[in-house]
Amino acid sequence: MSLYPQFSFKKHSFDKHSKAHLGELKTPHGSIQTPNFIFCATKAALKSVTTQQAKEAGADIILSNTYHLMLQPGADIVAAHGGLHKMLNWDGPMLTDSGGFQIFSLGHGGVANEIKGRGRPVTEKKMLKINETGALFRSYIDGSMHLLTPEISMEVQRKLGPDFVVVLDECTPYHSSREYMAASMERSHRWAIRSLRAFERHNDGKQALYGIVQGGTYRDLRKISSEFIASQPFFAQAIGGTLGGTKEEMHEIVGMICENLHKDRPTHLLGIGGISDIWNGVEHGIDTFDCVHPTRIARHGCALVNPVEHEGKEHINLFNACYRDDMNPIDATVDCYTNRHFTRAYIHHLLKADELLAGQLLTIHNIAFMTKLARAIRSSIAEGRFSEERKRWVYDR
RNA sequence: GGUGGGAUACUCAAGCGGCCAACGAGGGCAGACUGUAAAUCUGCUGACAAUUGUCUACACAGGUUCGAAUCCUGUUCCCACCA
């Protein structure tokens with residue numbers, strides 16, 4: 001009997017010139033078509049919009065975070081609601097991340113650039129200690145200490161109750177030495193096995209487990225990791241860790257990693273959500289992406305736009321003075337509540353006036369934009385014109 | 001009418017002889033953001049030339065001084081108290 005009786009993944013249409021393909025991912029909370037994008041509700045909130053609004057804007061699947069929710073409000077409170085789906089009023093598929101990314105983000109003093117190799121390496125690790133057992137975190141909320149192990153992460157994720165759960169891993173930054181990267185990868189593999197064992201002990205068929213491929217920027221390490229994760233009975237696989245210092249490097253490394261992944265399993269690219277990055281990922285066979293970028297930049301005043309129509313820029317900043325009297329919608333071709341009813345000038349005004357509504361309207365637009373992008377990718381594969389459609393979205397190529 | 005106090009860049013507000021083109025805050029103008037310690041962070045903000053540069057500036061007009069936003073005199077407004 002399968003570990004995942006209520007889940008399935010089937011690839012069903014293939015691009016002739018790349019590894020791009022369509023897929024159907026079935027879960028107890030319905031099916032989604034891939035390629036697709038997962039929107040981040042890290043702390044059980046899509047930050048500024050309701051799940052209802054996200055659904056109306058086209059979102060198919062969302063994600064929350066184990067670490068944040070175990071600190072606040074605590075897994076038992078979520079369980080008391082009947083799980084994340086009920087608590088968030090979301091009836092579609094859901095995923096929880098394991099907290100592995102926080103081993104990186106909290107371990108490096110909040111230097112989020114670190115993963116991409118920007119800025120200086122930070123050696124001080126004030127927020128956590130990591131060893132074979134797991135990671136000991138100092139809460140960013142009140143400074144209290146919290147242990148996260150593969151077993152605890154699985155237990156918390158079982159209580160949170162999403163469809164997809166993820167093994168605990170260590171997300172390694174760009175500036176790690178090869179030696180550290182290799183040792184960390186091996187430990188993440190051992191954690192993956194422990195996560196799997198813990199998952200199996202309590203498996204009720206309602207959740208499916210993702211393994212995570214590590215190995216940094218090194219081809220041989222990524223190959224080892226891909227093959228190891230593929231050899232274990234995970235439902236799906238995710239690509240984690242650093243992907244290099246530049247976009248070009250990232251695109252190359254993603255392609256390299258994809259060569260050795262399990263061919264029949266859904267593949268998720270963790271934390272990546274740029275427009276060109278998604279086209280590149282899909283081309284190499286990625287099925288799903290998640291990223292805070294669309295919802296975060298919305299709160300910072302930015303709207304996603306087609307880079308081909310904006311000289312390569314993937315977003316515009318509605319704070320900019322040039323939108324003060326712009327009576328157009330952000331993008332009339334992106335069908336959503338924001339674009340149906342409001343002008344750029346109005347959103348510019350809301351931003352200037354420090355009105356929270358600006359972030360909400362921009363978030364709705366950005367969700368709708370990512371949804372439109374995913375649909376464009378899917379229909380282009382279905383209709384055998386993937387590379388043509390790509391040219392309409394990826395600047396100067 | 002008398003006596004005090006005050007007038008500083010778009011705004012508020014420090015400075016009280018040289019280190020002042022002038023702290024700080026707001027505003028303005030940009031930038032960043034990729035498994036969210038992020039409705040956050042960063043830069044610039046008198047003009048012009050754009051590496052040390054030059055000019056115009058701290059109510060207005062004079063003065064003292066090598067040198068003033070800072071001291072003195074007068075003028076104009078504003079505020080408080082007393083008549």
# chains A, B, ... in the order shown; residues from 1 in each chain; ligands from 1
$ interface_residues --of "chain B" --to "chain A" --cutoff "7 Å" --atoms "only C-alpha atoms (C1' of nucleotides)" --output "PDB file with C-alpha atoms (C1' of nucleotides), in the first residue's frame"
ATOM      1  C1'   C B  33      13.374  43.147  -1.778  1.00  0.00           C
ATOM      2  C1'   U B  34      13.309  35.514  -4.385  1.00  0.00           C
ATOM      3  C1'   G B  35      11.327  28.260   1.174  1.00  0.00           C
ATOM      4  C1'   U B  36       8.903  36.493   5.149  1.00  0.00           C
ATOM      5  C1'   A B  37      12.455  38.453  12.474  1.00  0.00           C
ATOM      6  C1'   A B  39       3.054  47.192   5.354  1.00  0.00           C
TER       7        A B  39
END
$ select_by_dssp --residues "stretch 23-172 of chain A" --states "strand (DSSP E)" --output "ChimeraX atom specification"
/A:23-27,30-34,36-40,61-65,94-97,128-130,135-138,145-148,164-166
$ select_by_dssp --residues "stretch 67-306 of chain A" --states "helix (DSSP H, G or I)" --output "PyMOL selection string"
chain A and resi 67-71+75-80+84-88+100-105+112-116+150-160+178-201+219-231+247-258+275-283+293-299
$ closest_residue --among "B:U64, B:C58, B:C82, B:U40" --to "B:G15" --atoms "only C-alpha atoms (C1' of nucleotides)"
B:C58
$ residues_around --residues "A:Met87" --least-positions-apart "2" --cutoff "12 Å" --atoms "only C-alpha atoms (C1' of nucleotides)" --output "PDB file with C-alpha atoms, in the first residue's frame"
ATOM      1  CA  LYS A  43       2.325  33.120   9.690  1.00  0.00           C
ATOM      2  CA  ALA A  44      -1.038  31.756   8.600  1.00  0.00           C
ATOM      3  CA  ALA A  45      -1.881  34.970   6.820  1.00  0.00           C
ATOM      4  CA  THR A  50      -7.954  37.114   2.935  1.00  0.00           C
ATOM      5  CA  THR A  51      -7.849  33.622   1.492  1.00  0.00           C
ATOM      6  CA  SER A  64       2.531  28.347   5.832  1.00  0.00           C
ATOM      7  CA  PRO A  73       0.062  30.718  18.163  1.00  0.00           C
ATOM      8  CA  ALA A  75       0.479  23.979  16.804  1.00  0.00           C
ATOM      9  CA  ASP A  76      -2.187  22.977  19.312  1.00  0.00           C
ATOM     10  CA  ILE A  77      -4.147  26.170  18.745  1.00  0.00           C
ATOM     11  CA  VAL A  78      -4.096  25.504  15.003  1.00  0.00           C
ATOM     12  CA  ALA A  79      -5.127  21.894  15.654  1.00  0.00           C
ATOM     13  CA  ALA A  80      -7.960  23.111  17.864  1.00  0.00           C
ATOM     14  CA  HIS A  81      -9.351  24.925  14.831  1.00  0.00           C
ATOM     15  CA  GLY A  82      -9.267  21.658  12.926  1.00  0.00           C
ATOM     16  CA  GLY A  83      -6.027  22.556  11.158  1.00  0.00           C
ATOM     17  CA  LEU A  84      -4.801  25.309   8.879  1.00  0.00           C
ATOM     18  CA  HIS A  85      -7.460  24.824   6.217  1.00  0.00           C
ATOM     19  CA  ASN A  89     -10.876  29.324   5.606  1.00  0.00           C
ATOM     20  CA  TRP A  90      -8.944  27.825   2.695  1.00  0.00           C
ATOM     21  CA  ASP A  91     -10.323  24.693   1.108  1.00  0.00           C
ATOM     22  CA  LEU A 160      -1.038  22.007  11.369  1.00  0.00           C
ATOM     23  CA  GLY A 161      -2.630  19.612   8.916  1.00  0.00           C
ATOM     24  CA  PRO A 162      -1.662  20.832   5.429  1.00  0.00           C
TER      25      PRO A 162
END
$ residues_around --residues "A:Pro150" --least-positions-apart "4" --cutoff "8 Å" --atoms "only C-alpha atoms (C1' of nucleotides)" --output "list of chain:residue names"
A:Gly134, A:Met154, A:Val167, A:Leu168, A:Trp191, A:Ala192, A:Arg194, A:Ser195, A:Ala198
$ write_last_selection --atoms "all heavy atoms" --output "CSV table (one decimal), in the first residue's frame"
chain,number,residue,atom,x,y,z
A,134,GLY,N,19.3,18.6,15.9
A,134,GLY,CA,18.4,19.6,15.2
A,134,GLY,C,18.9,21.0,15.4
A,134,GLY,O,20.1,21.2,15.6
A,154,MET,N,8.0,17.3,12.0
A,154,MET,CA,6.9,16.5,11.5
A,154,MET,C,5.7,16.5,12.4
A,154,MET,O,4.5,16.5,11.9
A,154,MET,CB,7.4,15.0,11.3
A,154,MET,CG,8.4,14.8,10.2
A,154,MET,SD,7.6,15.2,8.6
A,154,MET,CE,8.5,16.6,8.1
A,167,VAL,N,10.3,17.9,4.7
A,167,VAL,CA,11.4,17.4,5.7
A,167,VAL,C,12.1,18.6,6.2
A,167,VAL,O,12.3,19.7,5.6
A,167,VAL,CB,12.4,16.5,5.0
A,167,VAL,CG1,11.7,15.2,4.5
A,167,VAL,CG2,13.2,17.2,3.9
A,168,LEU,N,12.6,18.5,7.4
A,168,LEU,CA,13.5,19.5,8.0
A,168,LEU,C,14.9,19.4,7.3
A,168,LEU,O,15.4,18.3,7.2
A,168,LEU,CB,13.7,19.4,9.5
A,168,LEU,CG,14.5,20.5,10.2
A,168,LEU,CD1,13.7,21.8,10.1
A,168,LEU,CD2,14.8,20.1,11.6
A,191,TRP,N,18.6,13.9,8.3
A,191,TRP,CA,17.3,14.5,8.8
A,191,TRP,C,16.1,14.1,8.0
A,191,TRP,O,15.0,14.0,8.4
A,191,TRP,CB,17.5,16.0,8.9
A,191,TRP,CG,18.3,16.6,10.0
A,191,TRP,CD1,19.1,15.9,10.9
A,191,TRP,CD2,18.5,18.0,10.3
A,191,TRP,NE1,19.7,16.7,11.7
A,191,TRP,CE2,19.4,18.0,11.4
A,191,TRP,CE3,18.0,19.1,9.8
A,191,TRP,CZ2,19.8,19.2,12.0
A,191,TRP,CZ3,18.4,20.3,10.4
A,191,TRP,CH2,19.3,20.4,11.5
A,192,ALA,N,16.4,14.0,6.7
A,192,ALA,CA,15.3,13.6,5.7
A,192,ALA,C,14.8,12.2,6.1
A,192,ALA,O,13.6,12.0,6.1
A,192,ALA,CB,15.8,13.7,4.3
A,194,ARG,N,15.1,10.8,9.0
A,194,ARG,CA,14.4,10.9,10.3
A,194,ARG,C,13.0,11.5,10.1
A,194,ARG,O,12.0,11.1,10.7
A,194,ARG,CB,15.2,11.7,11.3
A,194,ARG,CG,16.4,10.9,11.9
A,194,ARG,CD,17.4,11.9,12.6
A,194,ARG,NE,16.7,12.6,13.6
A,194,ARG,CZ,17.3,13.7,14.3
A,194,ARG,NH1,18.6,14.0,14.0
A,194,ARG,NH2,16.7,14.3,15.2
A,195,SER,N,12.9,12.5,9.2
A,195,SER,CA,11.6,13.1,8.9
A,195,SER,C,10.6,12.0,8.3
A,195,SER,O,9.5,11.9,8.7
A,195,SER,CB,11.7,14.2,7.9
A,195,SER,OG,12.5,15.3,8.5
A,198,ALA,N,9.5,9.6,11.0
A,198,ALA,CA,8.5,10.2,11.9
A,198,ALA,C,7.2,10.3,11.1
A,198,ALA,O,6.1,10.1,11.7
A,198,ALA,CB,9.0,11.6,12.3
$ atom_distance --atom1 "atom C1' of B:G62" --atom2 "atom C1' of B:G17"
18.9 Å
$ closest_residue --among "B:U75, B:C81, B:A68, B:G2" --to "B:C16" --atoms "only C-alpha atoms (C1' of nucleotides)"
B:A68
$ residues_around --residues "stretch 217-221 of chain A" --least-positions-apart "2" --cutoff "6 Å" --atoms "only C-alpha atoms (C1' of nucleotides)" --output "JSON, numbers by chain"
{"A": [215, 223, 224, 243, 244]}
$ closest_residue --among "A:Gln52, A:Gln232, A:Thr246, A:Thr343" --to "A:Asp325" --atoms "only C-alpha atoms"
A:Thr343
$ residues_around --residues "A:Ile377" --least-positions-apart "6" --cutoff "9 Å" --atoms "only C-alpha atoms (C1' of nucleotides)" --output "list in words"
Pro35, Asn36, Trp279, Val282, Phe386, Glu389 and Arg390 of chain A
$ atom_distance --atom1 "atom CA of A:Asp326" --atom2 "atom CA of A:Ala345"
4.9 Å
$ residues_around --residues "A:Thr149" --least-positions-apart "2" --cutoff "8 Å" --atoms "only C-alpha atoms (C1' of nucleotides)" --output "PyMOL selection string"
chain A and resi 133-135+147+151-153+168
$ decode --residues "chain B" --atoms "C-alpha atoms (C1' of nucleotides)" --output "CSV table (one decimal), in the first residue's frame"
chain,number,residue,atom,x,y,z
B,1,G,C1',1.8,102.0,25.5
B,2,G,C1',5.6,99.0,28.8
B,3,U,C1',8.7,94.5,29.7
B,4,G,C1',10.4,90.1,28.2
B,5,G,C1',10.8,86.0,24.3
B,6,G,C1',11.2,84.7,19.2
B,7,A,C1',12.0,84.9,13.6
B,8,U,C1',16.9,78.9,10.8
B,9,A,C1',16.2,75.4,4.3
B,10,C,C1',9.3,72.6,1.7
B,11,U,C1',7.5,71.9,7.2
B,12,C,C1',8.7,71.2,12.3
B,13,A,C1',13.1,71.9,14.9
B,14,A,C1',18.7,71.9,16.8
B,15,G,C1',22.8,75.2,16.6
B,16,C,C1',24.3,80.4,19.9
B,17,G,C1',32.0,83.4,17.0
B,18,G,C1',35.5,79.5,13.1
B,19,C,C1',34.9,71.9,13.0
B,20,C,C1',27.8,75.1,9.4
B,21,A,C1',25.2,74.4,3.3
B,22,A,C1',23.9,74.2,8.8
B,23,C,C1',22.0,67.9,14.0
B,24,G,C1',17.4,65.5,14.0
B,25,A,C1',12.3,64.4,12.4
B,26,G,C1',8.7,64.8,8.7
B,27,G,C1',7.9,65.7,3.6
B,28,G,C1',10.0,65.1,-1.3
B,29,C,C1',12.9,62.0,-5.0
B,30,A,C1',14.9,57.3,-6.1
B,31,G,C1',16.6,52.2,-5.1
B,32,A,C1',16.4,47.3,-2.9
B,33,C,C1',13.4,43.1,-1.8
B,34,U,C1',13.3,35.5,-4.4
B,35,G,C1',11.3,28.3,1.2
B,36,U,C1',8.9,36.5,5.1
B,37,A,C1',12.5,38.5,12.5
B,38,A,C1',10.2,42.6,6.0
B,39,A,C1',3.1,47.2,5.4
B,40,U,C1',10.5,46.7,5.7
B,41,C,C1',15.4,48.5,4.7
B,42,U,C1',18.9,51.9,2.1
B,43,G,C1',20.6,56.3,-0.5
B,44,C,C1',19.9,61.4,-2.0
B,45,U,C1',17.5,66.0,-0.8
B,46,G,C1',20.2,75.0,-1.4
B,47,A,C1',22.0,75.9,-6.7
B,48,C,C1',25.6,74.9,-10.2
B,49,A,C1',29.9,72.3,-11.8
B,50,A,C1',29.3,66.7,-10.4
B,51,U,C1',37.3,63.9,-7.2
B,52,U,C1',39.5,68.5,-3.4
B,53,G,C1',35.2,73.2,-6.5
B,54,U,C1',32.2,77.8,-7.0
B,55,C,C1',28.0,80.6,-5.8
B,56,U,C1',23.6,82.1,-2.9
B,57,A,C1',22.0,81.3,2.1
B,58,C,C1',19.9,81.2,8.8
B,59,A,C1',13.4,87.9,8.8
B,60,C,C1',15.3,92.9,6.6
B,61,A,C1',19.2,96.9,6.6
B,62,G,C1',23.7,98.3,8.7
B,63,G,C1',28.0,97.4,12.0
B,64,U,C1',32.0,94.8,15.1
B,65,U,C1',35.7,90.9,13.8
B,66,C,C1',41.0,87.8,10.2
B,67,G,C1',36.1,85.2,10.4
B,68,A,C1',29.0,85.8,12.2
B,69,A,C1',23.1,81.7,11.7
B,70,U,C1',25.7,82.8,16.3
B,71,C,C1',27.9,89.6,19.0
B,72,C,C1',26.0,95.1,18.5
B,73,U,C1',22.4,98.9,16.4
B,74,G,C1',18.0,99.9,13.8
B,75,U,C1',13.5,98.2,11.1
B,76,U,C1',9.4,94.8,10.2
B,77,C,C1',6.4,90.9,11.9
B,78,C,C1',5.0,87.1,15.8
B,79,C,C1',4.1,85.4,21.0
B,80,A,C1',3.6,86.0,26.4
B,81,C,C1',2.8,89.0,30.6
B,82,C,C1',1.7,93.9,32.5
B,83,A,C1',-1.3,98.6,31.6
